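Asker: So I've got this file, model_15.cif, and it contains mmCIF, N, CA and C atoms:
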data_structure
loop_
_atom_site.label_atom_id
_atom_site.label_comp_id
_atom_site.auth_asym_id
_atom_site.auth_seq_id
_atom_site.Cartn_x
_atom_site.Cartn_y
_atom_site.Cartn_z
N MET A 1091 23.98 -45.64 -7.62
CA MET A 1091 24.41 -44.84 -6.52
C MET A 1091 25.75 -44.22 -6.87
N ALA A 1092 25.95 -42.93 -6.49
CA ALA A 1092 27.21 -42.25 -6.79
C ALA A 1092 27.69 -41.52 -5.55
N VAL A 1093 28.99 -41.32 -5.49
CA VAL A 1093 29.58 -40.60 -4.35
C VAL A 1093 29.97 -39.22 -4.84
N SER A 1094 29.48 -38.18 -4.18
CA SER A 1094 29.79 -36.82 -4.56
C SER A 1094 29.95 -35.99 -3.31
N ASN A 1095 31.04 -35.25 -3.20
CA ASN A 1095 31.31 -34.38 -2.04
C ASN A 1095 31.23 -35.16 -0.74
N ASN A 1096 31.79 -36.32 -0.70
CA ASN A 1096 31.86 -37.15 0.49
C ASN A 1096 30.49 -37.60 0.98
N ARG A 1097 29.51 -37.66 0.14
CA ARG A 1097 28.17 -38.09 0.52
C ARG A 1097 27.68 -39.09 -0.52
N GLN A 1098 26.87 -40.02 -0.09
CA GLN A 1098 26.29 -40.98 -1.02
C GLN A 1098 24.88 -40.53 -1.37
N TYR A 1099 24.56 -40.58 -2.65
CA TYR A 1099 23.23 -40.23 -3.12
C TYR A 1099 22.74 -41.36 -4.02
N GLN A 1100 21.48 -41.53 -4.05
CA GLN A 1100 20.87 -42.53 -4.90
C GLN A 1100 20.18 -41.80 -6.02
N TYR A 1101 20.48 -42.19 -7.27
CA TYR A 1101 19.85 -41.56 -8.41
C TYR A 1101 18.49 -42.20 -8.66
N SER A 1102 17.46 -41.44 -8.49
CA SER A 1102 16.10 -41.88 -8.78
C SER A 1102 15.21 -40.65 -8.79
N ASN A 1103 13.93 -40.85 -8.87
CA ASN A 1103 13.04 -39.70 -8.86
C ASN A 1103 12.87 -39.13 -7.45
N ALA A 1104 13.32 -39.81 -6.44
CA ALA A 1104 13.27 -39.31 -5.07
C ALA A 1104 14.62 -39.57 -4.44
N ALA A 1105 15.51 -38.57 -4.51
CA ALA A 1105 16.86 -38.74 -3.97
C ALA A 1105 16.80 -38.67 -2.46
N VAL A 1106 17.41 -39.63 -1.82
CA VAL A 1106 17.44 -39.70 -0.37
C VAL A 1106 18.88 -39.73 0.06
N ARG A 1107 19.22 -38.98 1.07
CA ARG A 1107 20.58 -38.95 1.59
C ARG A 1107 20.79 -40.21 2.43
N LEU A 1108 21.74 -40.98 2.01
CA LEU A 1108 21.95 -42.24 2.68
C LEU A 1108 22.91 -42.14 3.85
N GLY A 1109 23.87 -41.26 3.75
CA GLY A 1109 24.84 -41.14 4.84
C GLY A 1109 26.12 -40.52 4.35
N GLU A 1110 26.93 -40.13 5.25
CA GLU A 1110 28.18 -39.50 4.89
C GLU A 1110 29.29 -40.51 4.93
N VAL A 1111 30.24 -40.34 4.03
CA VAL A 1111 31.40 -41.20 3.97
C VAL A 1111 32.59 -40.40 4.49
N GLU A 1112 33.34 -40.98 5.41
CA GLU A 1112 34.50 -40.28 5.94
C GLU A 1112 35.64 -40.36 4.96
N ASP A 1113 36.30 -39.23 4.74
CA ASP A 1113 37.44 -39.16 3.84
C ASP A 1113 38.69 -38.96 4.69
N PRO A 1114 39.63 -39.89 4.68
CA PRO A 1114 40.83 -39.76 5.50
C PRO A 1114 41.67 -38.55 5.14
N GLN A 1115 41.70 -38.16 3.88
CA GLN A 1115 42.47 -36.98 3.49
C GLN A 1115 41.85 -35.71 4.06
N LEU A 1116 40.53 -35.63 4.04
CA LEU A 1116 39.84 -34.48 4.62
C LEU A 1116 40.08 -34.41 6.11
N ARG A 1117 40.09 -35.55 6.79
CA ARG A 1117 40.34 -35.58 8.22
C ARG A 1117 41.76 -35.06 8.51
N LYS A 1118 42.72 -35.42 7.64
CA LYS A 1118 44.11 -34.98 7.82
C LYS A 1118 44.21 -33.45 7.65
N LEU A 1119 43.50 -32.90 6.65
CA LEU A 1119 43.55 -31.45 6.37
C LEU A 1119 42.89 -30.62 7.48
N THR A 1120 41.81 -31.10 8.05
CA THR A 1120 41.09 -30.34 9.07
C THR A 1120 41.61 -30.60 10.47
N GLY A 1121 42.64 -31.41 10.61
CA GLY A 1121 43.21 -31.67 11.92
C GLY A 1121 42.35 -32.58 12.76
N GLY A 1122 41.61 -33.44 12.14
CA GLY A 1122 40.80 -34.39 12.88
C GLY A 1122 39.43 -33.84 13.24
N ARG A 1123 39.20 -32.55 13.00
CA ARG A 1123 37.87 -31.99 13.30
C ARG A 1123 36.95 -32.23 12.12
N HIS A 1124 35.70 -32.28 12.41
CA HIS A 1124 34.70 -32.43 11.37
C HIS A 1124 34.69 -31.15 10.54
N HIS A 1125 34.57 -31.24 9.24
CA HIS A 1125 34.68 -30.07 8.37
C HIS A 1125 33.53 -29.09 8.54
N ARG A 1126 32.44 -29.48 9.14
CA ARG A 1126 31.32 -28.56 9.35
C ARG A 1126 31.36 -27.88 10.71
N GLY A 1127 32.23 -28.25 11.56
CA GLY A 1127 32.30 -27.69 12.89
C GLY A 1127 32.89 -26.28 12.89
N THR A 1128 32.54 -25.48 13.90
CA THR A 1128 33.09 -24.12 14.03
C THR A 1128 33.84 -24.04 15.34
N SER A 1129 34.91 -23.27 15.32
CA SER A 1129 35.72 -23.15 16.52
C SER A 1129 35.09 -22.14 17.47
N LEU A 1130 35.45 -22.22 18.72
CA LEU A 1130 34.93 -21.31 19.73
C LEU A 1130 35.40 -19.88 19.47
N GLY A 1131 36.63 -19.74 18.99
CA GLY A 1131 37.16 -18.41 18.66
C GLY A 1131 36.35 -17.74 17.57
N TYR A 1132 35.97 -18.52 16.56
CA TYR A 1132 35.16 -17.98 15.47
C TYR A 1132 33.80 -17.52 15.98
N VAL A 1133 33.21 -18.29 16.86
CA VAL A 1133 31.90 -17.92 17.44
C VAL A 1133 32.04 -16.62 18.22
N PHE A 1134 33.10 -16.49 19.03
CA PHE A 1134 33.32 -15.25 19.77
C PHE A 1134 33.55 -14.07 18.83
N PHE A 1135 34.32 -14.30 17.78
CA PHE A 1135 34.57 -13.23 16.81
C PHE A 1135 33.28 -12.75 16.15
N VAL A 1136 32.47 -13.68 15.70
CA VAL A 1136 31.20 -13.31 15.04
C VAL A 1136 30.28 -12.61 16.03
N THR A 1137 30.23 -13.10 17.27
CA THR A 1137 29.40 -12.46 18.29
C THR A 1137 29.88 -11.05 18.57
N ALA A 1138 31.20 -10.87 18.71
CA ALA A 1138 31.75 -9.53 18.96
C ALA A 1138 31.48 -8.60 17.79
N ALA A 1139 31.60 -9.12 16.56
CA ALA A 1139 31.33 -8.31 15.38
C ALA A 1139 29.86 -7.89 15.34
N LEU A 1140 28.96 -8.79 15.68
CA LEU A 1140 27.53 -8.45 15.71
C LEU A 1140 27.22 -7.41 16.78
N ILE A 1141 27.83 -7.57 17.95
CA ILE A 1141 27.61 -6.59 19.03
C ILE A 1141 28.16 -5.23 18.62
N PHE A 1142 29.36 -5.21 18.04
CA PHE A 1142 29.94 -3.95 17.58
C PHE A 1142 29.05 -3.30 16.53
N THR A 1143 28.58 -4.08 15.58
CA THR A 1143 27.70 -3.56 14.53
C THR A 1143 26.42 -3.01 15.13
N ALA A 1144 25.86 -3.71 16.11
CA ALA A 1144 24.63 -3.24 16.76
C ALA A 1144 24.88 -1.92 17.48
N LEU A 1145 26.02 -1.80 18.17
CA LEU A 1145 26.34 -0.56 18.88
C LEU A 1145 26.53 0.60 17.91
N VAL A 1146 27.21 0.35 16.80
CA VAL A 1146 27.39 1.40 15.79
C VAL A 1146 26.05 1.81 15.22
N LEU A 1147 25.19 0.86 14.97
CA LEU A 1147 23.86 1.15 14.43
C LEU A 1147 23.03 1.97 15.42
N VAL A 1148 23.06 1.61 16.68
CA VAL A 1148 22.32 2.37 17.70
C VAL A 1148 22.86 3.79 17.79
N HIS A 1149 24.19 3.94 17.75
CA HIS A 1149 24.79 5.28 17.80
C HIS A 1149 24.40 6.09 16.58
N TYR A 1150 24.40 5.46 15.41
CA TYR A 1150 24.00 6.14 14.18
C TYR A 1150 22.55 6.61 14.25
N ILE A 1151 21.68 5.75 14.72
CA ILE A 1151 20.26 6.12 14.85
C ILE A 1151 20.10 7.27 15.85
N SER A 1152 20.87 7.24 16.93
CA SER A 1152 20.82 8.31 17.92
C SER A 1152 21.27 9.63 17.30
N LEU A 1153 22.36 9.60 16.53
CA LEU A 1153 22.84 10.82 15.87
C LEU A 1153 21.82 11.35 14.87
N ARG A 1154 21.21 10.45 14.11
CA ARG A 1154 20.18 10.89 13.16
C ARG A 1154 19.00 11.54 13.88
N GLY A 1155 18.63 10.99 15.03
CA GLY A 1155 17.56 11.58 15.82
C GLY A 1155 17.94 12.97 16.32
N ASP A 1156 19.18 13.12 16.78
CA ASP A 1156 19.65 14.43 17.23
C ASP A 1156 19.62 15.44 16.09
N ILE A 1157 20.08 15.02 14.92
CA ILE A 1157 20.08 15.92 13.76
C ILE A 1157 18.65 16.33 13.41
N THR A 1158 17.75 15.39 13.42
CA THR A 1158 16.35 15.68 13.11
C THR A 1158 15.77 16.68 14.11
N ASN A 1159 16.06 16.46 15.40
CA ASN A 1159 15.56 17.39 16.42
C ASN A 1159 16.15 18.77 16.24
N ARG A 1160 17.42 18.86 15.91
CA ARG A 1160 18.05 20.17 15.73
C ARG A 1160 17.50 20.89 14.51
N VAL A 1161 17.26 20.15 13.43
CA VAL A 1161 16.69 20.76 12.23
C VAL A 1161 15.29 21.29 12.54
N GLN A 1162 14.51 20.53 13.29
CA GLN A 1162 13.17 21.00 13.66
C GLN A 1162 13.25 22.23 14.56
N HIS A 1163 14.23 22.25 15.47
CA HIS A 1163 14.40 23.41 16.36
C HIS A 1163 14.81 24.64 15.55
N ILE A 1164 15.71 24.45 14.59
CA ILE A 1164 16.13 25.57 13.73
C ILE A 1164 14.95 26.08 12.92
N ALA A 1165 14.13 25.19 12.41
CA ALA A 1165 12.96 25.60 11.64
C ALA A 1165 11.99 26.39 12.51
N ALA A 1166 11.82 25.96 13.76
CA ALA A 1166 10.93 26.69 14.68
C ALA A 1166 11.49 28.08 14.98
N LEU A 1167 12.81 28.16 15.19
CA LEU A 1167 13.43 29.46 15.45
C LEU A 1167 13.33 30.39 14.23
N GLU A 1168 13.50 29.83 13.02
CA GLU A 1168 13.35 30.63 11.81
C GLU A 1168 11.92 31.14 11.66
N ALA A 1169 10.95 30.30 11.97
CA ALA A 1169 9.55 30.74 11.90
C ALA A 1169 9.29 31.84 12.92
N GLN A 1170 9.86 31.69 14.12
CA GLN A 1170 9.71 32.72 15.16
C GLN A 1170 10.37 34.02 14.71
N LEU A 1171 11.55 33.94 14.09
CA LEU A 1171 12.24 35.13 13.60
C LEU A 1171 11.42 35.83 12.53
N ASN A 1172 10.87 35.07 11.60
CA ASN A 1172 10.04 35.67 10.55
C ASN A 1172 8.81 36.35 11.14
N GLU A 1173 8.21 35.70 12.14
CA GLU A 1173 7.04 36.28 12.80
C GLU A 1173 7.41 37.59 13.50
N MET A 1174 8.56 37.60 14.16
CA MET A 1174 9.00 38.82 14.86
C MET A 1174 9.33 39.93 13.87
N LYS A 1175 9.93 39.57 12.70
CA LYS A 1175 10.22 40.58 11.69
C LYS A 1175 8.92 41.20 11.16
N LEU A 1176 7.92 40.35 10.90
CA LEU A 1176 6.64 40.87 10.42
C LEU A 1176 5.99 41.78 11.45
N GLU A 1177 6.06 41.36 12.72
CA GLU A 1177 5.50 42.17 13.79
C GLU A 1177 6.26 43.49 13.92
N ASN A 1178 7.58 43.44 13.80
CA ASN A 1178 8.40 44.65 13.88
C ASN A 1178 8.08 45.61 12.73
N ASP A 1179 7.95 45.07 11.52
CA ASP A 1179 7.62 45.90 10.36
C ASP A 1179 6.24 46.54 10.52
N ALA A 1180 5.29 45.76 11.04
CA ALA A 1180 3.94 46.30 11.25
C ALA A 1180 3.96 47.41 12.30
N THR A 1181 4.71 47.22 13.37
CA THR A 1181 4.81 48.25 14.42
C THR A 1181 5.49 49.50 13.87
N TYR A 1182 6.55 49.33 13.09
CA TYR A 1182 7.25 50.46 12.49
C TYR A 1182 6.33 51.24 11.56
N SER A 1183 5.56 50.53 10.75
CA SER A 1183 4.61 51.20 9.86
C SER A 1183 3.54 51.93 10.64
N ARG A 1184 3.04 51.31 11.72
CA ARG A 1184 2.02 51.96 12.55
C ARG A 1184 2.58 53.23 13.19
N ILE A 1185 3.80 53.19 13.67
CA ILE A 1185 4.42 54.37 14.29
C ILE A 1185 4.59 55.47 13.27
N ASN A 1186 5.08 55.12 12.07
CA ASN A 1186 5.28 56.14 11.04
C ASN A 1186 3.97 56.72 10.55
N SER A 1187 2.92 55.93 10.51
CA SER A 1187 1.63 56.45 10.03
C SER A 1187 0.96 57.33 11.09
N ASN A 1188 1.26 57.10 12.36
CA ASN A 1188 0.66 57.92 13.43
C ASN A 1188 1.45 59.18 13.72
N MET A 1189 2.61 59.35 13.09
CA MET A 1189 3.44 60.51 13.37
C MET A 1189 2.85 61.74 12.67
N ASP A 1190 2.55 62.75 13.46
CA ASP A 1190 2.01 64.00 12.92
C ASP A 1190 3.13 65.04 12.98
N LEU A 1191 3.73 65.32 11.82
CA LEU A 1191 4.86 66.24 11.77
C LEU A 1191 4.45 67.66 12.16
N ALA A 1192 3.24 68.05 11.87
CA ALA A 1192 2.77 69.39 12.23
C ALA A 1192 2.69 69.52 13.75
N LYS A 1193 2.24 68.48 14.43
CA LYS A 1193 2.15 68.51 15.89
C LYS A 1193 3.55 68.54 16.51
N ILE A 1194 4.48 67.79 15.93
CA ILE A 1194 5.85 67.80 16.43
C ILE A 1194 6.45 69.20 16.28
N ARG A 1195 6.26 69.84 15.12
CA ARG A 1195 6.75 71.21 14.89
C ARG A 1195 6.13 72.18 15.87
N ASP A 1196 4.83 72.07 16.08
CA ASP A 1196 4.12 72.97 17.00
C ASP A 1196 4.65 72.80 18.43
N THR A 1197 4.85 71.56 18.88
CA THR A 1197 5.37 71.30 20.23
C THR A 1197 6.79 71.84 20.37
N ALA A 1198 7.62 71.64 19.34
CA ALA A 1198 9.00 72.11 19.40
C ALA A 1198 9.07 73.63 19.48
N ILE A 1199 8.26 74.33 18.72
CA ILE A 1199 8.31 75.80 18.71
C ILE A 1199 7.61 76.39 19.92
N ASN A 1200 6.38 75.97 20.22
CA ASN A 1200 5.58 76.60 21.26
C ASN A 1200 5.90 76.13 22.67
N GLU A 1201 6.19 74.84 22.86
CA GLU A 1201 6.43 74.34 24.21
C GLU A 1201 7.91 74.29 24.57
N LEU A 1202 8.76 74.00 23.61
CA LEU A 1202 10.17 73.86 23.91
C LEU A 1202 10.99 75.09 23.53
N GLY A 1203 10.39 76.04 22.86
CA GLY A 1203 11.07 77.29 22.51
C GLY A 1203 12.09 77.15 21.41
N MET A 1204 11.98 76.18 20.60
CA MET A 1204 12.92 75.99 19.50
C MET A 1204 12.54 76.90 18.34
N THR A 1205 13.53 77.28 17.56
CA THR A 1205 13.29 78.12 16.38
C THR A 1205 14.02 77.50 15.20
N TYR A 1206 13.64 77.95 14.02
CA TYR A 1206 14.34 77.50 12.82
C TYR A 1206 15.72 78.14 12.80
N ALA A 1207 16.66 77.44 12.24
CA ALA A 1207 18.02 77.97 12.12
C ALA A 1207 18.03 79.13 11.13
N LYS A 1208 18.86 80.13 11.49
CA LYS A 1208 18.98 81.30 10.62
C LYS A 1208 20.23 81.15 9.78
N GLU A 1209 20.37 82.01 8.81
CA GLU A 1209 21.53 81.99 7.92
C GLU A 1209 22.81 82.11 8.74
N GLY A 1210 23.77 81.25 8.52
CA GLY A 1210 25.05 81.30 9.22
C GLY A 1210 25.08 80.46 10.49
N GLN A 1211 23.94 79.94 10.94
CA GLN A 1211 23.92 79.13 12.15
C GLN A 1211 24.21 77.65 11.88
N ILE A 1212 24.11 77.24 10.67
CA ILE A 1212 24.30 75.84 10.33
C ILE A 1212 25.76 75.62 9.95
N GLU A 1213 26.41 74.71 10.65
CA GLU A 1213 27.81 74.35 10.39
C GLU A 1213 27.83 72.93 9.82
N SER A 1214 28.55 72.72 8.77
CA SER A 1214 28.67 71.38 8.17
C SER A 1214 30.02 70.80 8.53
N PHE A 1215 30.01 69.55 8.86
CA PHE A 1215 31.23 68.81 9.21
C PHE A 1215 31.28 67.55 8.37
N THR A 1216 32.48 67.12 8.09
CA THR A 1216 32.62 65.86 7.37
C THR A 1216 33.19 64.82 8.32
N SER A 1217 32.76 63.62 8.14
CA SER A 1217 33.22 62.51 8.97
C SER A 1217 34.20 61.67 8.17
N GLU A 1218 35.22 61.17 8.85
CA GLU A 1218 36.21 60.35 8.15
C GLU A 1218 35.62 59.02 7.70
N ASN A 1219 34.80 58.41 8.55
CA ASN A 1219 34.24 57.12 8.18
C ASN A 1219 32.81 57.22 7.66
N GLY A 1220 32.25 58.41 7.63
CA GLY A 1220 30.93 58.61 7.06
C GLY A 1220 29.79 58.14 7.93
N ASP A 1221 30.08 57.68 9.14
CA ASP A 1221 29.03 57.15 9.99
C ASP A 1221 28.37 58.24 10.81
N TYR A 1222 29.15 58.92 11.64
CA TYR A 1222 28.62 60.02 12.45
C TYR A 1222 29.78 60.90 12.89
N VAL A 1223 29.44 62.10 13.39
CA VAL A 1223 30.44 63.04 13.88
C VAL A 1223 30.22 63.18 15.38
N ARG A 1224 31.30 63.06 16.13
CA ARG A 1224 31.24 63.20 17.58
C ARG A 1224 31.86 64.54 17.97
N GLN A 1225 31.12 65.32 18.76
CA GLN A 1225 31.64 66.61 19.20
C GLN A 1225 32.43 66.41 20.48
N LEU A 1226 33.74 66.72 20.41
CA LEU A 1226 34.61 66.54 21.57
C LEU A 1226 34.85 67.83 22.34
N SER A 1227 34.56 68.95 21.72
CA SER A 1227 34.72 70.25 22.41
C SER A 1227 33.71 71.23 21.84
N ASP A 1228 33.61 72.40 22.48
CA ASP A 1228 32.68 73.41 22.00
C ASP A 1228 33.12 73.94 20.64
N ILE A 1229 32.16 74.35 19.84
CA ILE A 1229 32.43 74.89 18.52
C ILE A 1229 32.63 76.39 18.67
N ASP A 1230 33.70 76.90 18.09
CA ASP A 1230 33.97 78.35 18.15
C ASP A 1230 32.88 79.10 17.43
N LYS A 1231 32.39 80.18 18.06
CA LYS A 1231 31.38 81.02 17.42
C LYS A 1231 32.09 82.08 16.63
N LYS A 1232 31.62 82.37 15.45
CA LYS A 1232 32.26 83.34 14.58
C LYS A 1232 31.64 84.70 14.74
#
In structure tokens, what does this structure look like?
Answerer:
Amino acid sequence: MAVSNNRQYQYSNAAVRLGEVEDPQLRKLTGGRHHRGTSLGYVFFVTAALIFTALVLVHYISLRGDITNRVQHIAALEAQLNEMKLENDATYSRINSNMDLAKIRDTAINELGMTYAKEGQIESFTSENGDYVRQLSDIDKK
């Protein structure tokens, strides 16, 4: 039989724990408390740490869910935008293919009384920003 770590063990093919031996020096170091005991403060600390960790984990999972929902919403909006662009391009192509320039010219001349510009009737203007020219007053006739 040998004493190790304040416990008695029997050396054989079937070791059986016989009992614990009290060590007076260990009792002095631990303040009379058993060395395996835990204080109430430690239990509260561990419980508070677990609760805090659980709350952080729940908040993290909630944020991940929000991010996932927003990414899915953005993907749906992008798909909708692409669909609208395709529809817009198709409508623009349909309008341009149905435009009959000869009919527009005929309507402008015969129904609206428009005529082609004659020599000297066309005035050219330059724009400072190149976007468009705004007429603020009547143009002097020469």
Asker: Give, as AutoDock Vina command-line options, the centre coordinates and the x, y and z edge lengths in Å to one decimal for an axis-aligned box around all listed atoms of stretch 1173-1191 of chain A, padded by 3 Å on each side.
Answerer:
--center_x 5.4 --center_y 51.7 --center_z 12.4 --size_x 15.6 --size_y 38.0 --size_z 11.0
Asker: Mind giving me the straight-line distance from atom CA of A:Lys1193 to atom CA of A:Leu1176 in Å, one decimal?
Answerer: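 Atom-to-atom, atom CA of A:Lys1193 and atom CA of A:Leu1176 are spaced 28.5 Å apart.
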Asker: To one decimal place in Å, what is the distance between atom CA of A:Lys1175 and atom CA of A:Met1189?
Answerer: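 Computing the Euclidean distance for atom CA of A:Lys1175 and atom CA of A:Met1189 yields 21.1 Å.
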Asker: Please compute the atom CA of A:Lys1208-atom CA of A:Arg1195 distance, one decimal, in Å.
Answerer: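 Distance reported for this atom pair: 16.4 Å.
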